[in-house]
file target-v7.txt (compact mmCIF, C-alpha atoms)
# COMPACT_ATOMS: atom_id res chain seq x y z
CA GLN A 208 10.08 17.96 0.04
CA LYS A 209 9.02 14.37 -0.54
CA GLU A 210 11.77 11.76 -0.59
CA VAL A 211 10.59 10.54 -3.98
CA GLU A 212 8.92 12.73 -6.59
CA GLN A 213 7.01 11.33 -9.53
CA ASP A 214 4.75 13.18 -11.93
CA PRO A 215 1.31 11.54 -11.70
CA GLY A 216 0.45 12.40 -15.31
CA PRO A 217 -1.74 11.25 -16.95
CA LEU A 218 0.47 10.47 -19.89
CA SER A 219 -1.20 9.56 -23.17
CA VAL A 220 0.77 8.22 -26.15
CA PRO A 221 -0.04 6.49 -29.45
CA GLU A 222 0.68 2.81 -29.88
CA GLY A 223 4.29 2.18 -30.87
CA ALA A 224 5.66 5.28 -29.16
CA ILE A 225 8.65 5.28 -26.84
CA VAL A 226 7.56 6.12 -23.32
CA SER A 227 9.80 7.76 -20.74
CA LEU A 228 8.82 7.65 -17.08
CA ASN A 229 10.89 9.33 -14.41
CA CYS A 230 11.39 9.78 -10.70
CA THR A 231 13.68 12.03 -8.71
CA TYR A 232 14.74 11.49 -5.14
CA SER A 233 16.50 13.32 -2.38
CA ASN A 234 18.06 10.60 -0.23
CA SER A 235 21.53 9.78 -1.50
CA ALA A 236 21.52 6.61 0.60
CA PHE A 237 19.05 4.88 -1.71
CA GLN A 238 20.73 1.94 -3.40
CA TYR A 239 17.91 -0.24 -4.75
CA PHE A 240 15.54 1.13 -7.36
CA MET A 241 12.41 -0.59 -8.58
CA TRP A 242 9.68 -0.03 -11.09
CA TYR A 243 6.27 -1.57 -10.55
CA ARG A 244 3.29 -1.68 -12.88
CA GLN A 245 -0.19 -1.55 -11.40
CA TYR A 246 -3.32 -2.22 -13.39
CA SER A 247 -6.57 -0.76 -12.13
CA ARG A 248 -7.87 -2.54 -9.02
CA LYS A 249 -4.87 -4.88 -8.92
CA GLY A 250 -1.74 -5.15 -6.81
CA PRO A 251 1.58 -3.82 -8.16
CA GLU A 252 3.73 -6.10 -10.28
CA LEU A 253 7.51 -5.85 -10.17
CA LEU A 254 8.85 -4.88 -13.61
CA MET A 255 12.47 -3.98 -13.08
CA TYR A 256 14.91 -3.52 -10.28
CA THR A 257 18.38 -2.02 -10.35
CA TYR A 258 21.12 -1.88 -7.77
CA SER A 259 23.11 1.35 -7.69
CA SER A 260 23.75 3.19 -10.95
CA GLY A 261 23.54 1.95 -14.49
CA ASN A 262 21.14 0.53 -17.03
CA LYS A 263 19.16 -2.66 -17.11
CA GLU A 264 17.21 -3.96 -20.06
CA ASP A 265 14.44 -6.54 -20.20
CA GLY A 266 12.62 -6.90 -23.47
CA ARG A 267 10.92 -3.63 -24.31
CA PHE A 268 11.76 -2.14 -20.91
CA THR A 269 14.93 -0.32 -19.93
CA ALA A 270 15.61 1.04 -16.46
CA GLN A 271 18.25 3.70 -15.89
CA VAL A 272 19.65 5.02 -12.63
CA ASP A 273 21.74 8.18 -12.39
CA LYS A 274 22.77 8.47 -8.76
CA SER A 275 24.78 11.64 -9.36
CA SER A 276 21.59 13.39 -10.46
CA LYS A 277 19.30 11.38 -8.15
CA TYR A 278 17.18 10.52 -11.15
CA ILE A 279 15.76 7.23 -12.37
CA SER A 280 13.95 6.42 -15.58
CA LEU A 281 11.94 3.66 -17.17
CA PHE A 282 11.75 3.49 -20.94
CA ILE A 283 9.14 1.45 -22.77
CA ARG A 284 9.83 0.80 -26.45
CA ASP A 285 7.11 -0.03 -28.98
CA SER A 286 4.43 0.70 -26.42
CA GLN A 287 1.25 -1.37 -26.58
CA PRO A 288 -2.30 -0.72 -25.35
CA SER A 289 -1.67 -3.48 -22.79
CA ASP A 290 1.01 -1.24 -21.26
CA SER A 291 -1.73 1.13 -20.12
CA ALA A 292 -1.40 1.16 -16.34
CA THR A 293 0.04 3.14 -13.47
CA TYR A 294 3.81 2.89 -13.12
CA LEU A 295 5.27 3.33 -9.66
CA CYS A 296 8.88 3.85 -8.80
CA ALA A 297 10.14 2.63 -5.44
CA MET A 298 13.49 2.70 -3.78
CA LYS A 299 15.24 1.72 -0.58
CA THR A 300 18.51 1.99 1.26
CA GLY A 301 20.77 -1.00 1.67
CA ASN A 302 19.84 -1.89 5.23
CA ASN A 303 16.19 -0.92 5.37
CA ARG A 304 13.39 -3.22 4.26
CA LYS A 305 10.98 -0.33 3.80
CA LEU A 306 10.32 0.82 0.26
CA ILE A 307 9.79 4.50 -0.41
CA TRP A 308 7.24 4.98 -3.16
CA GLY A 309 6.57 7.55 -5.83
CA LEU A 310 3.02 8.66 -6.44
CA GLY A 311 2.78 6.68 -9.69
CA THR A 312 2.37 7.86 -13.28
CA SER A 313 -0.79 6.93 -15.13
CA LEU A 314 -0.05 5.86 -18.71
CA ALA A 315 -2.54 5.37 -21.51
CA VAL A 316 -1.36 3.86 -24.80
CA ASN A 317 -3.91 4.52 -27.50
CA PRO A 318 -4.40 2.07 -30.39
CA GLY G 268 6.96 -18.44 -9.29
CA ALA G 269 6.57 -15.83 -6.53
CA VAL G 270 2.79 -15.78 -6.35
CA VAL G 271 1.04 -13.99 -3.52
CA SER G 272 -2.69 -14.37 -2.94
CA GLN G 273 -5.11 -12.36 -0.86
CA HIS G 274 -8.50 -13.30 0.43
CA PRO G 275 -11.08 -11.95 0.17
CA SER G 276 -10.65 -9.84 -2.94
CA TRP G 277 -13.41 -7.53 -1.81
CA VAL G 278 -15.57 -7.18 1.25
CA ILE G 279 -18.46 -5.00 2.34
CA CYS G 280 -19.20 -4.76 6.03
CA LYS G 281 -21.22 -2.76 8.49
CA SER G 282 -19.61 -0.11 10.65
CA GLY G 283 -18.38 -1.56 13.93
CA THR G 284 -17.65 -5.05 12.66
CA SER G 285 -14.22 -6.62 12.23
CA VAL G 286 -12.78 -7.83 8.97
CA LYS G 287 -9.91 -10.27 8.49
CA ILE G 288 -7.78 -10.26 5.35
CA GLU G 289 -5.41 -13.11 4.56
CA CYS G 290 -2.18 -12.86 2.63
CA ARG G 291 -0.48 -16.05 1.45
CA SER G 292 2.76 -16.71 -0.41
CA LEU G 293 1.82 -19.71 -2.54
CA ASP G 294 5.13 -20.97 -3.87
CA PHE G 295 7.76 -19.53 -1.57
CA GLN G 296 8.44 -18.84 2.07
CA ALA G 297 8.29 -15.31 3.37
CA THR G 298 9.69 -14.34 6.75
CA THR G 299 8.65 -10.77 6.07
CA MET G 300 5.36 -9.51 4.71
CA PHE G 301 4.19 -5.94 4.33
CA TRP G 302 0.73 -4.45 4.56
CA TYR G 303 -0.15 -1.37 2.53
CA ARG G 304 -3.19 0.78 2.11
CA GLN G 305 -3.94 2.66 -1.06
CA PHE G 306 -6.55 5.36 -1.56
CA PRO G 307 -7.82 6.28 -5.05
CA LYS G 308 -5.22 8.02 -7.20
CA GLN G 309 -2.67 7.85 -4.38
CA SER G 310 0.45 5.83 -3.90
CA LEU G 311 0.93 2.91 -1.59
CA MET G 312 1.13 3.72 2.09
CA LEU G 313 3.01 1.23 4.21
CA MET G 314 1.01 0.36 7.31
CA ALA G 315 3.17 -2.26 8.95
CA THR G 316 5.89 -4.83 8.49
CA SER G 317 4.97 -8.33 9.55
CA ASN G 318 7.68 -10.73 10.68
CA GLU G 319 7.03 -14.45 11.12
CA GLY G 320 6.93 -15.42 14.75
CA SER G 321 7.27 -11.92 16.16
CA LYS G 322 5.28 -8.73 16.59
CA ALA G 323 4.59 -6.52 13.64
CA THR G 324 6.28 -3.17 13.26
CA TYR G 325 3.78 -0.41 12.64
CA GLU G 326 4.40 2.83 10.80
CA GLN G 327 3.87 6.12 12.52
CA GLY G 328 0.22 7.03 12.72
CA VAL G 329 -1.10 3.50 12.25
CA GLU G 330 -3.07 2.22 15.25
CA LYS G 331 -1.79 -1.22 16.20
CA ASP G 332 -4.92 -1.98 18.21
CA LYS G 333 -7.11 -1.23 15.24
CA PHE G 334 -5.10 -3.04 12.60
CA LEU G 335 -4.11 -6.37 14.12
CA ILE G 336 -1.44 -8.29 12.26
CA ASN G 337 -0.55 -11.92 12.78
CA HIS G 338 2.23 -13.69 10.87
CA ALA G 339 1.76 -17.20 12.15
CA SER G 340 3.67 -19.11 9.50
CA LEU G 341 6.17 -18.59 6.72
CA THR G 342 3.37 -18.45 4.15
CA LEU G 343 0.53 -16.64 5.91
CA SER G 344 -0.03 -13.20 7.38
CA THR G 345 -3.40 -11.79 8.39
CA LEU G 346 -4.62 -8.25 8.86
CA THR G 347 -7.71 -7.70 10.98
CA VAL G 348 -9.42 -4.35 10.81
CA THR G 349 -11.23 -4.12 14.13
CA SER G 350 -14.36 -2.05 14.67
CA ALA G 351 -14.24 -0.85 11.09
CA HIS G 352 -15.55 2.59 10.21
CA PRO G 353 -16.31 4.17 6.82
CA GLU G 354 -12.97 5.98 6.83
CA ASP G 355 -11.25 2.57 6.85
CA SER G 356 -12.68 1.90 3.40
CA SER G 357 -9.68 1.47 1.14
CA PHE G 358 -7.67 -0.91 -0.99
CA TYR G 359 -5.44 -3.09 1.22
CA ILE G 360 -2.48 -4.77 -0.42
CA CYS G 361 0.05 -7.14 1.04
CA SER G 362 3.49 -8.00 -0.25
CA ALA G 363 5.93 -10.73 0.66
CA ARG G 364 9.70 -10.87 0.60
CA ARG G 365 11.06 -14.26 -0.38
CA THR G 366 13.13 -15.81 2.43
CA GLY G 367 16.76 -15.68 1.41
CA GLY G 368 15.88 -13.59 -1.58
CA PRO G 369 17.28 -10.22 -2.54
CA LEU G 370 16.24 -7.56 -0.07
CA GLU G 371 14.84 -5.48 -2.83
CA THR G 372 12.31 -7.96 -4.15
CA GLN G 373 8.77 -7.76 -2.88
CA TYR G 374 5.93 -9.63 -4.54
CA PHE G 375 2.47 -8.16 -4.19
CA GLY G 376 -0.91 -9.72 -3.75
CA PRO G 377 -3.87 -8.64 -5.87
CA GLY G 378 -5.31 -6.49 -3.08
CA THR G 379 -8.50 -6.48 -1.04
CA ARG G 380 -11.05 -3.78 -1.51
CA LEU G 381 -12.84 -2.94 1.73
CA LEU G 382 -16.03 -0.93 1.88
CA VAL G 383 -17.43 -0.08 5.30
CA LEU G 384 -21.01 1.11 5.31
call {"tool": "encode", "arguments": {"input": "target-v7.txt", "output": "structure tokens"}}
result
Amino acid sequence: QKEVEQDPGPLSVPEGAIVSLNCTYSNSAFQYFMWYRQYSRKGPELLMYTYSSGNKEDGRFTAQVDKSSKYISLFIRDSQPSDSATYLCAMKTGNNRKLIWGLGTSLAVNP
Amino acid sequence: GAVVSQHPSWVICKSGTSVKIECRSLDFQATTMFWYRQFPKQSLMLMATSNEGSKATYEQGVEKDKFLINHASLTLSTLTVTSAHPEDSSFYICSARRTGGPLETQYFGPGTRLLVL
């Protein structure tokens, strides 16, 4: 079993839809949870990070962490064609610099 | 802020030659930089962790003599792919952790696409 599981998609939604992206993990020691966006042929861009459980909101993006279920989510409201990219979750323990990555979910927002 | 650059953005080389890729943090200092490799439709694979002024820490299965890493200053790390072969063709991405910044924050460069003929 991989430490981090993420459905690679692809996920295709109409413009304006609410998008839900998810990752599950097996290591209960993970404390930091990140979401990165990667456009084709570009490096990943940090979107959101959360420490421990809870929600965090930034504009149209909301990150949720449920440590009891070992499940994290990223919600995108009012999705735009410019949101079309691959979204990668990543996480780490408190004393380890190494990030553990999900496979990435490919999202296409259709105008 | 938190801009990381990579140079070159793409390179084509002949089999057997060496290629050097530079990673620079432009507006912050980074004691730690990371080198990743990414194959098409796959996630990022950490190759090594580069620490300023000390030897890099390589992940299991990554040949340290083939992928030479030098982190000579707080803003520059280099990855040299020695005696490159076609199977080394990939997308190489670096990231940098801001000195004194939260442990969880890594900023990524735009990547370098390497094609070995």
call {"tool": "residues_around", "arguments": {"input": "target-v7.txt", "residues": "Lys299 (chain A)", "least_positions_apart": "3", "cutoff": "6 Å", "atoms": "only C-alpha atoms", "output": "CSV table (one decimal) with C-alpha atoms, in the coordinates of the input"}}
result
chain,number,residue,atom,x,y,z
A,237,PHE,CA,19.0,4.9,-1.7
A,239,TYR,CA,17.9,-0.2,-4.8
A,306,LEU,CA,10.3,0.8,0.3
call {"tool": "closest_residue", "arguments": {"input": "target-v7.txt", "among": "G:Gln309, G:Thr324, G:Thr347, G:Ser362", "to": "Pro377 (chain G)", "atoms": "only C-alpha atoms"}}
result
G:Ser362
call {"tool": "atom_distance", "arguments": {"input": "target-v7.txt", "atom1": "CA of Arg304 (chain A)", "atom2": "CA of Phe358 (chain G)"}}
result
21.8 Å
call {"tool": "interface_residues", "arguments": {"input": "target-v7.txt", "of": "chain G", "to": "chain A", "cutoff": "9 Å", "atoms": "all atoms listed in the file", "output": "ChimeraX atom specification"}}
result
/G:301,308-313,316,358,360-362,370-380
call {"tool": "atom_distance", "arguments": {"input": "target-v7.txt", "atom1": "CA of Ser235 (chain A)", "atom2": "CA of Ser275 (chain A)"}}
result
8.7 Å
call {"tool": "atom_distance", "arguments": {"input": "target-v7.txt", "atom1": "CA of Thr299 (chain G)", "atom2": "CA of Val329 (chain G)"}}
result
18.4 Å
call {"tool": "residues_around", "arguments": {"input": "target-v7.txt", "residues": "Ser356 (chain G)", "least_positions_apart": "6", "cutoff": "6 Å", "atoms": "only C-alpha atoms", "output": "list in words"}}
result
Leu381, Leu382 and Val383 of chain G
call {"tool": "build_atoms", "arguments": {"input": "target-v7.txt", "residues": "region 246-265 of chain A", "atoms": "N, CA, C and O atoms", "output": "CSV table (one decimal), in the frame of the given file"}}
result
chain,number,residue,atom,x,y,z
A,246,TYR,N,-2.1,-2.4,-12.6
A,246,TYR,CA,-3.3,-2.2,-13.4
A,246,TYR,C,-4.4,-1.8,-12.4
A,246,TYR,O,-4.3,-2.1,-11.2
A,247,SER,N,-5.5,-1.3,-13.0
A,247,SER,CA,-6.6,-0.8,-12.1
A,247,SER,C,-7.1,-1.9,-11.3
A,247,SER,O,-7.4,-3.0,-11.7
A,248,ARG,N,-7.3,-1.6,-10.0
A,248,ARG,CA,-7.9,-2.5,-9.0
A,248,ARG,C,-7.0,-3.8,-8.8
A,248,ARG,O,-7.6,-4.9,-8.5
A,249,LYS,N,-5.8,-3.7,-9.1
A,249,LYS,CA,-4.9,-4.9,-8.9
A,249,LYS,C,-3.7,-4.5,-8.1
A,249,LYS,O,-3.4,-3.3,-7.9
A,250,GLY,N,-3.0,-5.4,-7.5
A,250,GLY,CA,-1.7,-5.2,-6.8
A,250,GLY,C,-0.6,-4.8,-7.8
A,250,GLY,O,-0.6,-5.2,-9.0
A,251,PRO,N,0.4,-4.1,-7.3
A,251,PRO,CA,1.6,-3.8,-8.2
A,251,PRO,C,2.4,-5.1,-8.6
A,251,PRO,O,2.5,-6.0,-7.8
A,252,GLU,N,2.9,-5.0,-9.7
A,252,GLU,CA,3.7,-6.1,-10.3
A,252,GLU,C,5.1,-5.6,-10.5
A,252,GLU,O,5.3,-4.5,-11.2
A,253,LEU,N,6.1,-6.3,-10.0
A,253,LEU,CA,7.5,-5.8,-10.2
A,253,LEU,C,7.9,-6.0,-11.6
A,253,LEU,O,7.8,-7.1,-12.2
A,254,LEU,N,8.4,-4.9,-12.2
A,254,LEU,CA,8.8,-4.9,-13.6
A,254,LEU,C,10.4,-5.0,-13.7
A,254,LEU,O,10.9,-5.8,-14.4
A,255,MET,N,11.0,-4.1,-13.0
A,255,MET,CA,12.5,-4.0,-13.1
A,255,MET,C,13.0,-3.6,-11.7
A,255,MET,O,12.4,-2.8,-11.0
A,256,TYR,N,14.2,-4.1,-11.4
A,256,TYR,CA,14.9,-3.5,-10.3
A,256,TYR,C,16.4,-3.4,-10.6
A,256,TYR,O,16.9,-4.1,-11.4
A,257,THR,N,17.0,-2.3,-10.1
A,257,THR,CA,18.4,-2.0,-10.4
A,257,THR,C,19.1,-1.7,-9.0
A,257,THR,O,18.5,-1.0,-8.2
A,258,TYR,N,20.3,-2.2,-8.9
A,258,TYR,CA,21.1,-1.9,-7.8
A,258,TYR,C,22.1,-0.8,-8.2
A,258,TYR,O,22.8,-1.0,-9.2
A,259,SER,N,22.2,0.3,-7.5
A,259,SER,CA,23.1,1.4,-7.7
A,259,SER,C,22.9,2.0,-9.1
A,259,SER,O,21.8,1.9,-9.6
A,260,SER,N,23.9,2.5,-9.7
A,260,SER,CA,23.8,3.2,-11.0
A,260,SER,C,23.8,2.2,-12.1
A,260,SER,O,24.2,1.1,-12.0
A,261,GLY,N,23.4,2.7,-13.3
A,261,GLY,CA,23.5,2.0,-14.5
A,261,GLY,C,22.2,1.7,-15.2
A,261,GLY,O,21.2,2.2,-14.8
A,262,ASN,N,22.3,0.9,-16.2
A,262,ASN,CA,21.1,0.5,-17.0
A,262,ASN,C,20.8,-0.9,-16.9
A,262,ASN,O,21.7,-1.8,-16.6
A,263,LYS,N,19.6,-1.3,-17.1
A,263,LYS,CA,19.2,-2.7,-17.1
A,263,LYS,C,18.1,-2.8,-18.1
A,263,LYS,O,17.1,-2.0,-18.2
A,264,GLU,N,18.2,-3.8,-19.0
A,264,GLU,CA,17.2,-4.0,-20.1
A,264,GLU,C,16.5,-5.3,-19.9
A,264,GLU,O,17.2,-6.3,-19.6
A,265,ASP,N,15.2,-5.3,-20.2
A,265,ASP,CA,14.4,-6.5,-20.2
A,265,ASP,C,13.4,-6.4,-21.2
A,265,ASP,O,12.3,-5.8,-21.0
